[in-house]
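For reference, the structure is listed below as structure tokens.
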Amino acid sequence: MTEFELIQRFFTGMPKGADVALGVGDDCALVRLNDQDHLAISTDTLVEGRHFPEHYPPGWIAARALGAAASDLAAMGATPVGCLLALTLPQADSEWLSQFSEAFRSCAERWSIPLLGGDTTGGRLQLTVTVLGRVDVSRVLLRSGASAGEDLWVSGKLGEAAGALKYRLADPESRYDFGEQGPISRLLDRYDMPAPRLALGQWLLGRASAAIDISDGLVADVGHLCRLSGVGAEIQLESLPVSESLSLLYSPHDVEKHALYGGDDYELCFSAPVHLRGELSRAPYQLSRIGHLTVGHELILRREGKAVKPSGSGFDHFGLVPGGHCDVI
């Protein structure tokens, strides 16, 4: 049973209060604050050995945990309000906690997400971050807002975090002597220090029709957006934005595989009307038009006009491969 099959079978259709505008199924739940604003809420859990390697440095654990959770706010176009942290530790190690808390504080300040409270307990290392944000009810970005005929866009470069993972699994603390400017350094930074696209998400309000953050892989997350919007999609493989660093370290086949199916990018994928192509192309962000939405429910990959069968599906939280992001209900 996959994560989304589990959610659909056991948790969809739960009762919700009168002030709950959106429950299970999107990047965030939405609770009405007033006639103009909603409170966006999302929870992410990271478990050692599943979502980050064993013996992973505490500063990177903090950055990945808060960055992954805040990415859900970005996907809704929400402005952060604060966060809660639940931390489970094998032991109360002062040095570990000092490094973790300093990195968490630094990220919280950088992204304006103050820590509001939480919980601590003993057990296997894992942490859960709940993020809260505020968003305009009339412009909030949902996975369900896309329409057939619209363009499909992504931000940034794809596949870099997935490209870094095999190096991190080999030795979490090694920089592999590539030097700070080496190609592996960029990939490792994307995995260790994910940056939620909060400013971009807010800029897309009133421009994008639907959005999702890329946490489980482009193909998987485009599939989620299409399913909730009731549309299909065509992705042009030659339009996928990939970095020189990834291309230097991997074969063209593996570069494409990481871009399509690798998790942890935390870029935004969004749909937008065709008439906004010019404005989006001139945006103060790195955006790439990778395809379009279609009538129906099929997701088609095309290389030079010819259909290509997908060779993967994205990160599975109940699969056998460690690493990747936890997208909770």
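Every chain in the structure tokens has a letter given in the order shown (A, B, ...), and although residue numbers restart at 1 in each chain, ligands are simply numbered from 1 in the order shown.
Once A:Leu204 and its same-chain neighbours fewer than 6 positions away are set aside, Ala74, Ala75, Met76, Gly77, Arg139, Val140, Leu141, Ala210, Ala211, Phe270, Ala272, Leu280 and Ala283 of chain A remain within 10 Å of it when counting only C-alpha atoms.
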Save the residues we just selected, N, CA and C atoms, as a compact mmCIF listing (two decimals), in the first residue's frame?
```txt
# COMPACT_ATOMS: atom_id res chain seq x y z
N ALA A 74 4.97 27.33 0.74
CA ALA A 74 5.31 27.97 -0.54
C ALA A 74 4.35 27.52 -1.63
N ALA A 75 4.01 26.23 -1.64
CA ALA A 75 3.13 25.70 -2.67
C ALA A 75 1.74 26.29 -2.63
N MET A 76 1.32 26.80 -1.46
CA MET A 76 0.00 27.43 -1.33
C MET A 76 0.07 28.95 -1.50
N GLY A 77 1.29 29.50 -1.60
CA GLY A 77 1.45 30.94 -1.66
C GLY A 77 1.31 31.61 -0.31
N ARG A 139 -6.97 34.09 -3.47
CA ARG A 139 -5.88 33.82 -4.40
C ARG A 139 -5.07 32.59 -4.03
N VAL A 140 -5.43 31.89 -2.96
CA VAL A 140 -4.66 30.75 -2.49
C VAL A 140 -4.44 29.74 -3.60
N LEU A 141 -3.25 29.16 -3.67
CA LEU A 141 -2.91 28.17 -4.68
C LEU A 141 -3.28 26.77 -4.17
N ALA A 210 -2.78 26.67 -10.25
CA ALA A 210 -2.61 25.54 -9.32
C ALA A 210 -1.12 25.36 -9.09
N ALA A 211 -0.76 24.75 -7.96
CA ALA A 211 0.66 24.56 -7.66
C ALA A 211 0.85 23.40 -6.69
N PHE A 270 3.80 24.40 -11.26
CA PHE A 270 2.52 25.11 -11.28
C PHE A 270 1.98 25.23 -12.69
N ALA A 272 -0.44 27.65 -15.37
CA ALA A 272 -0.78 29.05 -15.60
C ALA A 272 -1.39 29.21 -16.98
N LEU A 280 5.62 35.39 -17.22
CA LEU A 280 6.34 34.38 -16.46
C LEU A 280 7.76 34.21 -16.98
N ALA A 283 9.91 36.78 -15.35
CA ALA A 283 9.79 36.81 -13.89
C ALA A 283 11.16 36.93 -13.23
```
**Which of stretch 97-321 of chain A fall in strand (DSSP E or B), as a VMD selection string** = chain A and resid 115 to 122 126 to 136 151 to 155 210 to 213 232 to 236 268 to 272 287 to 294 299 to 303 306 to 308
Which residues of stretch 194-281 of chain A come within 6 Å of stretch 62-68 of chain A, and what is each one's closest atom pair and distance in Å (one decimal), counting only C-alpha atoms, sorted by chain and residue number, as a tab-separated table?
```
residue	atom	partner	partner_atom	distance
A:Pro194	CA	A:Gly67	CA	5.5
A:Ala195	CA	A:Gly67	CA	5.8
A:Pro196	CA	A:Gly67	CA	5.6
```
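Relative to atom CA of A:Ala161, atom CA of A:Ala233 is found at 24.2 Å.
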ask   = How many Å lie between atom CA of A:Ile61 and atom CA of A:Arg143, rounded to one decimal?
value =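 Separation between atom CA of A:Ile61 and atom CA of A:Arg143: 28.0 Å.
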May I have the residues within 8 Å of stretch 15-27 of chain A as a tab-separated table (two decimals) with N, CA and C atoms, in the first residue's frame, using only C-alpha atoms and disregarding those fewer than 5 positions away in the same chain?
```
chain	number	residue	atom	x	y	z
A	32	ARG	N	-10.34	28.92	8.15
A	32	ARG	CA	-10.77	30.31	7.97
A	32	ARG	C	-10.40	31.15	9.19
A	33	LEU	N	-9.75	32.28	8.94
A	33	LEU	CA	-9.46	33.25	9.99
A	33	LEU	C	-10.47	34.39	9.97
A	42	SER	N	0.54	22.65	7.78
A	42	SER	CA	1.08	21.40	7.23
A	42	SER	C	2.03	20.76	8.23
A	72	ASP	N	5.74	23.36	1.81
A	72	ASP	CA	4.29	23.21	1.65
A	72	ASP	C	3.59	24.56	1.72
A	73	LEU	N	4.08	25.46	2.58
A	73	LEU	CA	3.53	26.81	2.62
A	73	LEU	C	3.78	27.52	1.29
A	75	ALA	N	4.01	26.23	-1.64
A	75	ALA	CA	3.13	25.70	-2.67
A	75	ALA	C	1.74	26.29	-2.63
A	76	MET	N	1.32	26.80	-1.46
A	76	MET	CA	0.00	27.43	-1.33
A	76	MET	C	0.07	28.95	-1.50
A	142	LEU	N	-4.07	26.06	-4.96
A	142	LEU	CA	-4.48	24.71	-4.63
A	142	LEU	C	-4.00	23.76	-5.72
A	143	ARG	N	-3.93	22.48	-5.41
A	143	ARG	CA	-3.62	21.48	-6.44
A	143	ARG	C	-4.78	21.32	-7.42
A	212	ILE	N	2.07	22.85	-6.71
A	212	ILE	CA	2.47	21.79	-5.80
A	212	ILE	C	3.98	21.89	-5.65
A	213	ASP	N	4.51	21.53	-4.49
A	213	ASP	CA	5.97	21.51	-4.38
A	213	ASP	C	6.48	20.13	-4.78
A	329	ILE	N	-0.09	13.74	5.85
A	329	ILE	CA	-1.46	14.02	5.44
A	329	ILE	C	-1.71	15.52	5.30
```
Open item on the list: Between A:Val129, A:Cys269, A:Arg227, A:Phe104, which residue has the minimum interatomic distance to A:Ala86, considering only C-alpha atoms?
Closed with: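 Looking at the shortest contact to A:Ala86, the residue is A:Val129.
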The distance between atom CA of A:Gly159 and atom CA of A:Pro273 is 26.0 Å
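Distances from A:Ala40, A:Val154, A:Ala78, A:Leu268 to A:Ser281 were compared using only C-alpha atoms, and the smallest one belongs to A:Val154.
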Find the nearest atom pair between each residue of stretch 55-173 of chain A and stretch 286-289 of chain A for residues within 8 Å, count only C-alpha atoms, give distances in Å to one decimal, sort rows by chain and ascending number, and present the table as a tab-separated table.
```
residue	atom	partner	partner_atom	distance
A:Asp151	CA	A:Arg289	CA	6.9
A:Leu152	CA	A:Arg289	CA	5.9
A:Trp153	CA	A:Arg289	CA	4.3
A:Val154	CA	A:Ser288	CA	5.4
A:Ser155	CA	A:Leu287	CA	4.5
A:Gly156	CA	A:Gln286	CA	5.3
```
Taking only C-alpha atoms into account, which of A:Asp221, A:Gly262, A:Ser247, A:Phe100 comes nearest A:Lys166?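 Of A:Asp221, A:Gly262, A:Ser247, A:Phe100, the one nearest A:Lys166 is A:Gly262, counting only C-alpha atoms.
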Note to self: Could you check the closest approach to A:Trp111 for each of A:Thr45, A:Gln202, A:Gln126, A:Thr79 and tell me which residue wins, using only C-alpha atoms?
What the structure shows: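 So, comparing all the options, the nearest one is A:Thr79.
Candidate residues A:Ile184, A:Leu39, A:Ala69, A:Leu132 were compared for distance to A:Cys83, and the nearest is A:Leu132, using only C-alpha atoms.
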Would you list, as number ranges by chain, the residues of stretch 47-109 of chain A that end up in helix (DSSP H, G or I) under DSSP run on this structure's backbone?
-> A: 58-76, 94-109
Those same residues, written as a short mmCIF file (atom, residue, chain, number, x, y, z; two decimals), in the first residue's frame with N, CA and C atoms?
```cif
data_model
loop_
_atom_site.label_atom_id
_atom_site.label_comp_id
_atom_site.auth_asym_id
_atom_site.auth_seq_id
_atom_site.Cartn_x
_atom_site.Cartn_y
_atom_site.Cartn_z
N PRO A 58 23.56 17.05 12.80
CA PRO A 58 22.33 17.65 13.33
C PRO A 58 21.93 18.96 12.67
N GLY A 59 22.91 19.76 12.24
CA GLY A 59 22.57 21.01 11.57
C GLY A 59 21.83 20.78 10.27
N TRP A 60 22.23 19.75 9.52
CA TRP A 60 21.56 19.43 8.27
C TRP A 60 20.18 18.84 8.52
N ILE A 61 20.04 18.05 9.59
CA ILE A 61 18.71 17.54 9.94
C ILE A 61 17.75 18.69 10.18
N ALA A 62 18.20 19.70 10.91
CA ALA A 62 17.36 20.86 11.21
C ALA A 62 16.96 21.59 9.93
N ALA A 63 17.93 21.81 9.05
CA ALA A 63 17.66 22.54 7.81
C ALA A 63 16.69 21.77 6.92
N ARG A 64 16.90 20.46 6.81
CA ARG A 64 16.00 19.65 5.97
C ARG A 64 14.60 19.61 6.55
N ALA A 65 14.48 19.49 7.86
CA ALA A 65 13.17 19.39 8.47
C ALA A 65 12.35 20.66 8.28
N LEU A 66 12.93 21.81 8.58
CA LEU A 66 12.18 23.06 8.45
C LEU A 66 12.00 23.43 6.99
N GLY A 67 13.01 23.20 6.16
CA GLY A 67 12.89 23.53 4.74
C GLY A 67 11.82 22.71 4.05
N ALA A 68 11.74 21.42 4.35
CA ALA A 68 10.73 20.56 3.73
C ALA A 68 9.33 20.97 4.15
N ALA A 69 9.16 21.26 5.42
CA ALA A 69 7.84 21.65 5.91
C ALA A 69 7.42 22.99 5.33
N ALA A 70 8.34 23.95 5.30
CA ALA A 70 8.01 25.29 4.79
C ALA A 70 7.70 25.27 3.30
N SER A 71 8.22 24.28 2.58
CA SER A 71 7.94 24.18 1.15
C SER A 71 6.45 23.99 0.89
N ASP A 72 5.74 23.36 1.81
CA ASP A 72 4.29 23.21 1.65
C ASP A 72 3.59 24.56 1.72
N LEU A 73 4.08 25.46 2.58
CA LEU A 73 3.53 26.81 2.62
C LEU A 73 3.78 27.52 1.29
N ALA A 74 4.97 27.33 0.74
CA ALA A 74 5.31 27.97 -0.54
C ALA A 74 4.35 27.52 -1.63
N ALA A 75 4.01 26.23 -1.64
CA ALA A 75 3.13 25.70 -2.67
C ALA A 75 1.74 26.29 -2.63
N MET A 76 1.32 26.80 -1.46
CA MET A 76 0.00 27.43 -1.33
C MET A 76 0.07 28.95 -1.50
N SER A 94 24.01 17.09 24.66
CA SER A 94 24.11 18.55 24.64
C SER A 94 24.78 19.08 23.38
N GLU A 95 25.85 18.43 22.93
CA GLU A 95 26.54 18.90 21.73
C GLU A 95 25.64 18.76 20.50
N TRP A 96 24.95 17.62 20.38
CA TRP A 96 24.04 17.41 19.26
C TRP A 96 22.94 18.47 19.28
N LEU A 97 22.35 18.69 20.45
CA LEU A 97 21.25 19.65 20.57
C LEU A 97 21.70 21.08 20.29
N SER A 98 22.92 21.40 20.68
CA SER A 98 23.45 22.74 20.42
C SER A 98 23.56 23.00 18.92
N GLN A 99 24.12 22.03 18.19
CA GLN A 99 24.25 22.18 16.74
C GLN A 99 22.88 22.21 16.06
N PHE A 100 21.99 21.34 16.50
CA PHE A 100 20.66 21.28 15.90
C PHE A 100 19.90 22.58 16.14
N SER A 101 19.88 23.05 17.36
CA SER A 101 19.08 24.24 17.69
C SER A 101 19.64 25.48 17.02
N GLU A 102 20.96 25.58 16.88
CA GLU A 102 21.55 26.74 16.22
C GLU A 102 21.17 26.77 14.74
N ALA A 103 21.23 25.62 14.08
CA ALA A 103 20.85 25.56 12.67
C ALA A 103 19.35 25.82 12.50
N PHE A 104 18.54 25.26 13.38
CA PHE A 104 17.10 25.48 13.30
C PHE A 104 16.78 26.97 13.48
N ARG A 105 17.45 27.60 14.45
CA ARG A 105 17.24 29.03 14.69
C ARG A 105 17.65 29.85 13.47
N SER A 106 18.78 29.50 12.86
CA SER A 106 19.25 30.23 11.70
C SER A 106 18.25 30.15 10.54
N CYS A 107 17.74 28.94 10.28
CA CYS A 107 16.76 28.78 9.19
C CYS A 107 15.46 29.49 9.53
N ALA A 108 15.04 29.39 10.77
CA ALA A 108 13.79 30.04 11.18
C ALA A 108 13.87 31.55 10.99
N GLU A 109 15.03 32.13 11.30
CA GLU A 109 15.21 33.56 11.10
C GLU A 109 15.27 33.91 9.63
#
```
Across A:Ser215, A:Ser138, A:Ser243, A:Ser112, the smallest distance to A:Leu198, with only C-alpha atoms counted, is shown by A:Ser112
